[in-house]
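The file final32.tsv contains TSV, C-alpha atoms:
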chain	number	residue	atom	x	y	z
A	1	MET	CA	-16.63	9.22	-37.23
A	2	ALA	CA	-15.62	6.42	-34.88
A	3	GLU	CA	-19.12	4.97	-35.20
A	4	GLU	CA	-18.82	4.95	-38.98
A	5	GLU	CA	-15.74	2.72	-38.73
A	6	GLY	CA	-17.45	0.32	-36.30
A	7	ILE	CA	-15.49	1.47	-33.23
A	8	GLU	CA	-17.47	2.07	-30.05
A	9	ASP	CA	-16.90	5.11	-27.86
A	10	ILE	CA	-15.04	3.82	-24.79
A	11	GLY	CA	-16.89	6.20	-22.45
A	12	GLU	CA	-20.29	4.99	-23.62
A	13	GLN	CA	-22.17	2.55	-21.37
A	14	LEU	CA	-23.90	-0.40	-22.93
A	15	PRO	CA	-27.63	-0.87	-22.25
A	16	ASN	CA	-29.22	-3.50	-19.99
A	17	GLY	CA	-26.13	-4.34	-17.95
A	18	GLU	CA	-24.09	-5.49	-20.92
A	19	ASP	CA	-21.00	-3.72	-19.52
A	20	ASN	CA	-18.76	-6.65	-18.70
A	21	GLY	CA	-15.26	-5.25	-19.10
A	22	PRO	CA	-12.94	-5.11	-16.08
A	23	GLU	CA	-13.48	-2.15	-13.78
A	24	PHE	CA	-11.17	-1.00	-10.98
A	25	GLY	CA	-11.69	2.00	-8.73
A	26	LEU	CA	-10.71	3.61	-5.45
A	27	ILE	CA	-13.79	4.19	-3.32
A	28	MET	CA	-12.15	5.72	-0.24
A	29	GLN	CA	-8.94	5.71	1.78
A	30	TYR	CA	-8.30	6.12	5.50
A	31	VAL	CA	-5.91	5.75	8.41
A	32	LYS	CA	-6.72	2.45	10.09
A	33	ASP	CA	-4.01	2.62	12.76
A	34	LEU	CA	-1.26	5.13	13.56
A	35	SER	CA	1.30	5.03	16.34
A	36	PHE	CA	4.28	7.29	16.99
A	37	GLU	CA	6.71	6.46	19.79
A	38	ASN	CA	9.51	8.66	21.07
A	39	PRO	CA	10.82	6.40	23.87
A	40	ASN	CA	14.03	8.30	24.68
A	41	SER	CA	12.76	11.86	24.80
A	42	PRO	CA	13.99	14.38	25.77
A	43	ALA	CA	17.52	12.87	25.71
A	44	VAL	CA	17.15	11.87	22.04
A	45	TYR	CA	17.32	15.53	21.01
A	46	GLN	CA	20.89	15.72	22.34
A	47	TRP	CA	22.16	12.68	20.43
A	48	GLN	CA	24.79	13.26	17.78
A	49	GLY	CA	24.93	11.52	14.43
A	50	GLN	CA	22.44	10.33	11.92
A	51	PRO	CA	20.13	7.46	12.99
A	52	LYS	CA	19.73	4.31	10.92
A	53	ILE	CA	16.25	4.11	9.38
A	54	ASP	CA	14.62	0.68	9.01
A	55	VAL	CA	11.41	0.45	6.94
A	56	GLN	CA	9.24	-2.65	6.85
A	57	VAL	CA	6.35	-2.93	4.37
A	58	ASN	CA	3.44	-5.35	4.43
A	59	ILE	CA	0.39	-5.46	2.16
A	60	GLY	CA	-2.83	-7.20	3.01
A	61	ALA	CA	-6.10	-7.51	1.12
A	62	GLN	CA	-9.47	-8.85	2.13
A	63	SER	CA	-12.80	-9.11	0.42
A	64	LEU	CA	-15.69	-7.19	1.98
A	65	GLY	CA	-18.23	-8.33	-0.57
A	66	SER	CA	-18.39	-9.50	-4.13
A	67	ASP	CA	-17.02	-6.27	-5.62
A	68	ILE	CA	-15.47	-4.43	-2.64
A	69	HIS	CA	-12.00	-5.14	-1.25
A	70	GLU	CA	-9.95	-3.52	1.48
A	71	VAL	CA	-6.24	-3.14	0.80
A	72	ALA	CA	-4.12	-2.29	3.85
A	73	LEU	CA	-0.62	-0.90	3.49
A	74	ARG	CA	1.36	-1.33	6.69
A	75	LEU	CA	4.54	0.69	7.14
A	76	ASP	CA	6.73	0.21	10.22
A	77	VAL	CA	9.56	2.74	10.46
A	78	THR	CA	12.22	2.65	13.18
A	79	ALA	CA	15.04	5.18	13.58
A	80	SER	CA	17.82	3.99	15.86
A	81	SER	CA	21.44	4.74	16.67
A	82	ASP	CA	24.06	3.44	19.10
A	83	ASP	CA	22.27	5.44	21.82
A	84	GLY	CA	18.95	3.63	21.29
A	85	VAL	CA	15.66	4.08	19.44
A	86	ALA	CA	15.06	7.67	18.37
A	87	PHE	CA	11.50	7.09	17.15
A	88	LYS	CA	9.15	4.43	15.83
A	89	VAL	CA	6.16	4.97	13.54
A	90	ASP	CA	3.62	2.26	12.76
A	91	LEU	CA	0.96	3.07	10.18
A	92	ILE	CA	-1.76	1.01	8.61
A	93	TYR	CA	-3.22	3.03	5.76
A	94	ALA	CA	-6.09	1.37	3.94
A	95	GLY	CA	-8.36	1.87	0.99
A	96	LEU	CA	-11.58	0.41	-0.25
A	97	PHE	CA	-11.38	-0.62	-3.88
A	98	GLY	CA	-14.13	-1.67	-6.23
A	99	VAL	CA	-13.18	-4.49	-8.59
A	100	ARG	CA	-15.68	-5.83	-11.09
A	101	ASN	CA	-15.38	-8.30	-13.98
A	102	ALA	CA	-11.64	-8.67	-13.47
A	103	PRO	CA	-9.94	-11.84	-14.68
A	104	GLU	CA	-7.65	-13.62	-12.21
A	105	GLU	CA	-4.49	-12.46	-13.99
A	106	GLN	CA	-5.51	-8.80	-13.37
A	107	PHE	CA	-7.28	-9.14	-10.02
A	108	HIS	CA	-4.36	-10.02	-7.72
A	109	PRO	CA	-1.80	-7.69	-9.36
A	110	PHE	CA	-4.24	-4.82	-8.94
A	111	LEU	CA	-4.95	-5.49	-5.25
A	112	LEU	CA	-1.35	-6.29	-4.27
A	113	ALA	CA	0.65	-3.96	-6.54
A	114	GLU	CA	-1.42	-1.17	-8.08
A	115	ALA	CA	-3.67	-0.42	-5.08
A	116	PRO	CA	-0.69	-0.02	-2.67
A	117	ARG	CA	1.00	2.21	-5.26
A	118	LEU	CA	-2.07	4.47	-5.16
A	119	LEU	CA	-2.12	4.53	-1.33
A	120	PHE	CA	1.62	5.04	-0.76
A	121	PRO	CA	1.94	8.81	-1.41
A	122	PHE	CA	-0.71	9.51	1.23
A	123	ALA	CA	0.85	7.11	3.74
A	124	ARG	CA	4.25	8.67	3.06
A	125	ARG	CA	2.91	12.14	3.91
A	126	ILE	CA	1.28	10.90	7.12
A	127	ILE	CA	4.58	9.37	8.27
A	128	SER	CA	6.49	12.53	7.38
A	129	ASP	CA	4.04	14.67	9.35
A	130	ALA	CA	4.09	12.32	12.37
A	131	VAL	CA	7.90	12.35	12.50
A	132	ARG	CA	7.95	16.15	12.18
A	133	ASP	CA	5.28	16.50	14.86
A	134	GLY	CA	7.45	14.29	17.10
A	135	GLY	CA	10.21	16.91	17.01
A	136	PHE	CA	12.39	15.41	14.26
A	137	PRO	CA	13.11	16.54	10.71
A	138	PRO	CA	10.39	15.27	8.33
A	139	LEU	CA	11.14	11.81	6.97
A	140	MET	CA	10.47	11.38	3.25
A	141	LEU	CA	10.41	7.68	2.45
A	142	ASP	CA	11.85	6.63	-0.89
A	143	PRO	CA	9.31	5.47	-3.47
A	144	ILE	CA	8.56	1.73	-3.41
A	145	ASP	CA	8.18	-0.36	-6.56
A	146	PHE	CA	5.12	-2.39	-5.54
A	147	GLY	CA	5.01	-4.10	-8.95
A	148	ALA	CA	8.51	-5.50	-8.41
A	149	LEU	CA	7.60	-6.59	-4.86
A	150	TYR	CA	4.53	-8.37	-6.20
A	151	MET	CA	6.55	-10.16	-8.89
A	152	GLN	CA	9.20	-11.16	-6.32
A	153	ARG	CA	6.59	-12.63	-3.97
A	154	ALA	CA	4.81	-14.40	-6.83
A	155	ALA	CA	8.10	-15.99	-7.92
A	156	GLN	CA	8.77	-17.00	-4.32
A	157	ALA	CA	5.34	-18.63	-4.03
A	158	GLN	CA	5.85	-20.43	-7.34
A	159	ALA	CA	9.23	-21.75	-6.16
A	160	GLU	CA	7.64	-23.04	-2.95
A	161	LEU	CA	4.92	-24.79	-4.95
A	162	GLY	CA	7.62	-26.34	-7.14
A	163	GLU	CA	9.25	-27.80	-4.03
A	164	GLY	CA	5.97	-29.39	-3.01
A	165	GLN	CA	5.32	-26.91	-0.20
A	166	ALA	CA	2.26	-24.74	0.03
A	167	PRO	CA	2.97	-21.01	-0.28
A	168	GLU	CA	2.64	-18.89	2.83
A	169	VAL	CA	-0.72	-17.17	2.94
A	170	THR	CA	-0.86	-13.78	4.62
A	171	GLY	CA	-3.96	-12.17	5.96
A	172	GLN	CA	-4.76	-8.54	6.47
A	173	ALA	CA	-1.86	-6.26	7.34
Can the structure from this file be put into structure tokens for me?
Amino acid sequence: MAEEEGIEDIGEQLPNGEDNGPEFGLIMQYVKDLSFENPNSPAVYQWQGQPKIDVQVNIGAQSLGSDIHEVALRLDVTASSDDGVAFKVDLIYAGLFGVRNAPEEQFHPFLLAEAPRLLFPFARRIISDAVRDGGFPPLMLDPIDFGALYMQRAAQAQAELGEGQAPEVTGQA
């Protein structure tokens, strides 16, 4: 019926390489680096009070070929109190993403907002497990709005360009 009205089936591939619409896909994901430090053990288990949790997030992307890109989500989590550092977790969780036929206005938002959003739940679980395995209650990080972070950084870069300065370029996380 859709063919009768002149509408193509979206799932249908066009012959002879005529598929030229944007394509995005997750190829694989992996732990690139993981570190857990418990510098004040065993005394830390006697400390009273709730530690302050500091979370730092960094996103890096690099091209590995014409259609393959690595996106690295770096999460640095430090729990500290007046007594000192309870624990520190550093994780770089990365994914390989295929991006084909994507216009510029979709390419960067995908790599720097959507790809980290796809990686985050897995990174969050790894951090929770590492903290639990270190002898602490599991730490469940709050969700992060990577789209809002991307828009904030894009506005910042635009403001810097408006002032005649070049925007800061970051490499891989």
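If you count all atoms listed in the file and ignore residues fewer than 4 places along the chain from Pro42 of chain A, what sits within 12 Å of it is Asn38, Gln46, Trp47, Ala86, Phe87, Gly134, Gly135 and Phe136 of chain A.
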### Message
As an exercise, work out the distance from atom CA of Phe24 of chain A to atom CA of Glu105 of chain A in Å and give it to one decimal place.
### Response
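Distance between the two atoms: 13.6 Å.
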### Message
Would you compute the distance between atom CA of Ser128 of chain A and atom CA of Phe110 of chain A? Give it in Å to one decimal.
### Response
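Here the two named atoms are 26.1 Å from each other.
Closest approach to Ala113 of chain A from the set A:Asn58, A:Val89, A:Ser80, A:Asp67 is made by A:Asn58, with distances taken over only C-alpha atoms.
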### Task
Tell me which of A:Asp83, A:Glu37, A:Glu114, A:Asp76 sits closest to Gly49 of chain A, counting only C-alpha atoms.
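For Gly49 of chain A, the nearest of the given residues is A:Asp83.
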Centre, x/y/z edge lengths, axis-aligned box for segment 46-49 of chain A with 5 Å per side, as AutoDock Vina command-line options:
--center_x 22.9 --center_y 13.6 --center_z 18.4 --size_x 14.0 --size_y 14.2 --size_z 17.9
Given only C-alpha atoms, how would the per-residue table for segment 44-65 of chain A near segment 93-99 of chain A read, listing every residue at most 10 Å away with its closest atom pair and distance in Å to one decimal, sorted by chain and number, as CSV?
residue,atom,partner,partner_atom,distance
A:Ile59,CA,A:Ala94,CA,9.6
A:Gly60,CA,A:Ala94,CA,9.2
A:Ala61,CA,A:Ala94,CA,9.3
A:Gln62,CA,A:Leu96,CA,9.8
A:Ser63,CA,A:Leu96,CA,9.6
A:Leu64,CA,A:Leu96,CA,8.9
A:Gly65,CA,A:Gly98,CA,9.7
### Query
So how many Å separate atom CA of Lys32 of chain A and atom CA of Met140 of chain A, to one decimal?
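Separating atom CA of Lys32 of chain A from atom CA of Met140 of chain A is a distance of 20.5 Å.
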### Among listed residues A:Ser66, A:Tyr45, A:Asn40, A:Lys52, nearest Asp82 of chain A (using all atoms listed in the file)
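Checking each candidate against Asp82 of chain A, we get A:Lys52 as the closest.
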Just write segment 86-99 of chain A with all heavy atoms, as a PDB file, in the first residue's frame, taken from the block above.
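Wrote part12.pdb, looks like this:
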ATOM      1  N   ALA A  86      38.211   9.347  50.848  1.00  0.00           N
ATOM      2  CA  ALA A  86      37.692   8.003  51.112  1.00  0.00           C
ATOM      3  C   ALA A  86      38.026   7.077  49.945  1.00  0.00           C
ATOM      4  O   ALA A  86      38.563   5.994  50.125  1.00  0.00           O
ATOM      5  CB  ALA A  86      36.189   8.044  51.353  1.00  0.00           C
ATOM      6  N   PHE A  87      37.697   7.512  48.728  1.00  0.00           N
ATOM      7  CA  PHE A  87      38.041   6.741  47.535  1.00  0.00           C
ATOM      8  C   PHE A  87      38.064   7.651  46.325  1.00  0.00           C
ATOM      9  O   PHE A  87      37.517   8.749  46.336  1.00  0.00           O
ATOM     10  CB  PHE A  87      37.088   5.562  47.303  1.00  0.00           C
ATOM     11  CG  PHE A  87      35.664   5.949  47.018  1.00  0.00           C
ATOM     12  CD1 PHE A  87      35.254   6.326  45.742  1.00  0.00           C
ATOM     13  CD2 PHE A  87      34.720   5.917  48.030  1.00  0.00           C
ATOM     14  CE1 PHE A  87      33.940   6.680  45.486  1.00  0.00           C
ATOM     15  CE2 PHE A  87      33.389   6.263  47.782  1.00  0.00           C
ATOM     16  CZ  PHE A  87      33.009   6.644  46.513  1.00  0.00           C
ATOM     17  N   LYS A  88      38.717   7.139  45.274  1.00  0.00           N
ATOM     18  CA  LYS A  88      38.789   7.857  44.000  1.00  0.00           C
ATOM     19  C   LYS A  88      38.670   6.821  42.891  1.00  0.00           C
ATOM     20  O   LYS A  88      39.349   5.801  42.921  1.00  0.00           O
ATOM     21  CB  LYS A  88      40.106   8.609  43.898  1.00  0.00           C
ATOM     22  CG  LYS A  88      40.254   9.431  42.641  1.00  0.00           C
ATOM     23  CD  LYS A  88      41.467  10.332  42.754  1.00  0.00           C
ATOM     24  CE  LYS A  88      41.737  11.144  41.522  1.00  0.00           C
ATOM     25  NZ  LYS A  88      40.659  11.826  40.915  1.00  0.00           N
ATOM     26  N   VAL A  89      37.773   7.084  41.949  1.00  0.00           N
ATOM     27  CA  VAL A  89      37.581   6.203  40.792  1.00  0.00           C
ATOM     28  C   VAL A  89      37.801   7.028  39.534  1.00  0.00           C
ATOM     29  O   VAL A  89      37.210   8.096  39.382  1.00  0.00           O
ATOM     30  CB  VAL A  89      36.153   5.600  40.747  1.00  0.00           C
ATOM     31  CG1 VAL A  89      36.022   4.645  39.574  1.00  0.00           C
ATOM     32  CG2 VAL A  89      35.794   4.922  42.034  1.00  0.00           C
ATOM     33  N   ASP A  90      38.650   6.528  38.660  1.00  0.00           N
ATOM     34  CA  ASP A  90      38.871   7.145  37.349  1.00  0.00           C
ATOM     35  C   ASP A  90      38.527   6.095  36.299  1.00  0.00           C
ATOM     36  O   ASP A  90      39.090   5.004  36.314  1.00  0.00           O
ATOM     37  CB  ASP A  90      40.320   7.584  37.174  1.00  0.00           C
ATOM     38  CG  ASP A  90      40.730   8.652  38.167  1.00  0.00           C
ATOM     39  OD1 ASP A  90      39.931   9.563  38.414  1.00  0.00           O
ATOM     40  OD2 ASP A  90      41.849   8.563  38.703  1.00  0.00           O
ATOM     41  N   LEU A  91      37.618   6.449  35.409  1.00  0.00           N
ATOM     42  CA  LEU A  91      37.193   5.521  34.370  1.00  0.00           C
ATOM     43  C   LEU A  91      37.186   6.228  33.028  1.00  0.00           C
ATOM     44  O   LEU A  91      36.662   7.333  32.906  1.00  0.00           O
ATOM     45  CB  LEU A  91      35.777   4.997  34.675  1.00  0.00           C
ATOM     46  CG  LEU A  91      35.095   4.173  33.571  1.00  0.00           C
ATOM     47  CD1 LEU A  91      35.832   2.861  33.320  1.00  0.00           C
ATOM     48  CD2 LEU A  91      33.638   3.918  33.916  1.00  0.00           C
ATOM     49  N   ILE A  92      37.778   5.573  32.044  1.00  0.00           N
ATOM     50  CA  ILE A  92      37.597   5.985  30.656  1.00  0.00           C
ATOM     51  C   ILE A  92      36.873   4.827  29.982  1.00  0.00           C
ATOM     52  O   ILE A  92      37.402   3.723  29.862  1.00  0.00           O
ATOM     53  CB  ILE A  92      38.924   6.289  29.936  1.00  0.00           C
ATOM     54  CG1 ILE A  92      39.655   7.421  30.626  1.00  0.00           C
ATOM     55  CG2 ILE A  92      38.647   6.645  28.465  1.00  0.00           C
ATOM     56  CD1 ILE A  92      41.031   7.729  30.041  1.00  0.00           C
ATOM     57  N   TYR A  93      35.624   5.096  29.605  1.00  0.00           N
ATOM     58  CA  TYR A  93      34.794   4.099  28.952  1.00  0.00           C
ATOM     59  C   TYR A  93      34.566   4.591  27.526  1.00  0.00           C
ATOM     60  O   TYR A  93      34.138   5.726  27.320  1.00  0.00           O
ATOM     61  CB  TYR A  93      33.459   3.938  29.691  1.00  0.00           C
ATOM     62  CG  TYR A  93      32.691   2.726  29.254  1.00  0.00           C
ATOM     63  CD1 TYR A  93      33.103   1.450  29.627  1.00  0.00           C
ATOM     64  CD2 TYR A  93      31.564   2.849  28.466  1.00  0.00           C
ATOM     65  CE1 TYR A  93      32.399   0.327  29.225  1.00  0.00           C
ATOM     66  CE2 TYR A  93      30.849   1.724  28.065  1.00  0.00           C
ATOM     67  CZ  TYR A  93      31.283   0.465  28.448  1.00  0.00           C
ATOM     68  OH  TYR A  93      30.583  -0.649  28.038  1.00  0.00           O
ATOM     69  N   ALA A  94      34.892   3.755  26.565  1.00  0.00           N
ATOM     70  CA  ALA A  94      34.867   4.209  25.176  1.00  0.00           C
ATOM     71  C   ALA A  94      33.987   3.322  24.313  1.00  0.00           C
ATOM     72  O   ALA A  94      33.650   2.198  24.685  1.00  0.00           O
ATOM     73  CB  ALA A  94      36.297   4.236  24.619  1.00  0.00           C
ATOM     74  N   GLY A  95      33.650   3.863  23.170  1.00  0.00           N
ATOM     75  CA  GLY A  95      32.881   3.117  22.187  1.00  0.00           C
ATOM     76  C   GLY A  95      33.338   3.477  20.794  1.00  0.00           C
ATOM     77  O   GLY A  95      33.808   4.593  20.545  1.00  0.00           O
ATOM     78  N   LEU A  96      33.220   2.513  19.914  1.00  0.00           N
ATOM     79  CA  LEU A  96      33.475   2.764  18.497  1.00  0.00           C
ATOM     80  C   LEU A  96      32.126   2.961  17.830  1.00  0.00           C
ATOM     81  O   LEU A  96      31.218   2.137  17.983  1.00  0.00           O
ATOM     82  CB  LEU A  96      34.208   1.592  17.851  1.00  0.00           C
ATOM     83  CG  LEU A  96      35.632   1.340  18.321  1.00  0.00           C
ATOM     84  CD1 LEU A  96      36.226   0.154  17.566  1.00  0.00           C
ATOM     85  CD2 LEU A  96      36.499   2.570  18.149  1.00  0.00           C
ATOM     86  N   PHE A  97      32.018   4.059  17.105  1.00  0.00           N
ATOM     87  CA  PHE A  97      30.766   4.408  16.448  1.00  0.00           C
ATOM     88  C   PHE A  97      30.995   4.556  14.955  1.00  0.00           C
ATOM     89  O   PHE A  97      31.996   5.136  14.529  1.00  0.00           O
ATOM     90  CB  PHE A  97      30.213   5.720  17.011  1.00  0.00           C
ATOM     91  CG  PHE A  97      29.748   5.603  18.427  1.00  0.00           C
ATOM     92  CD1 PHE A  97      30.628   5.772  19.480  1.00  0.00           C
ATOM     93  CD2 PHE A  97      28.421   5.307  18.705  1.00  0.00           C
ATOM     94  CE1 PHE A  97      30.202   5.648  20.800  1.00  0.00           C
ATOM     95  CE2 PHE A  97      27.988   5.181  20.016  1.00  0.00           C
ATOM     96  CZ  PHE A  97      28.881   5.353  21.065  1.00  0.00           C
ATOM     97  N   GLY A  98      30.068   4.022  14.190  1.00  0.00           N
ATOM     98  CA  GLY A  98      30.094   4.202  12.748  1.00  0.00           C
ATOM     99  C   GLY A  98      29.197   5.377  12.397  1.00  0.00           C
ATOM    100  O   GLY A  98      28.070   5.470  12.866  1.00  0.00           O
ATOM    101  N   VAL A  99      29.731   6.295  11.606  1.00  0.00           N
ATOM    102  CA  VAL A  99      28.970   7.465  11.166  1.00  0.00           C
ATOM    103  C   VAL A  99      29.202   7.600   9.667  1.00  0.00           C
ATOM    104  O   VAL A  99      30.343   7.723   9.220  1.00  0.00           O
ATOM    105  CB  VAL A  99      29.419   8.753  11.890  1.00  0.00           C
ATOM    106  CG1 VAL A  99      28.613   9.939  11.410  1.00  0.00           C
ATOM    107  CG2 VAL A  99      29.319   8.595  13.400  1.00  0.00           C
TER     108      VAL A  99
END
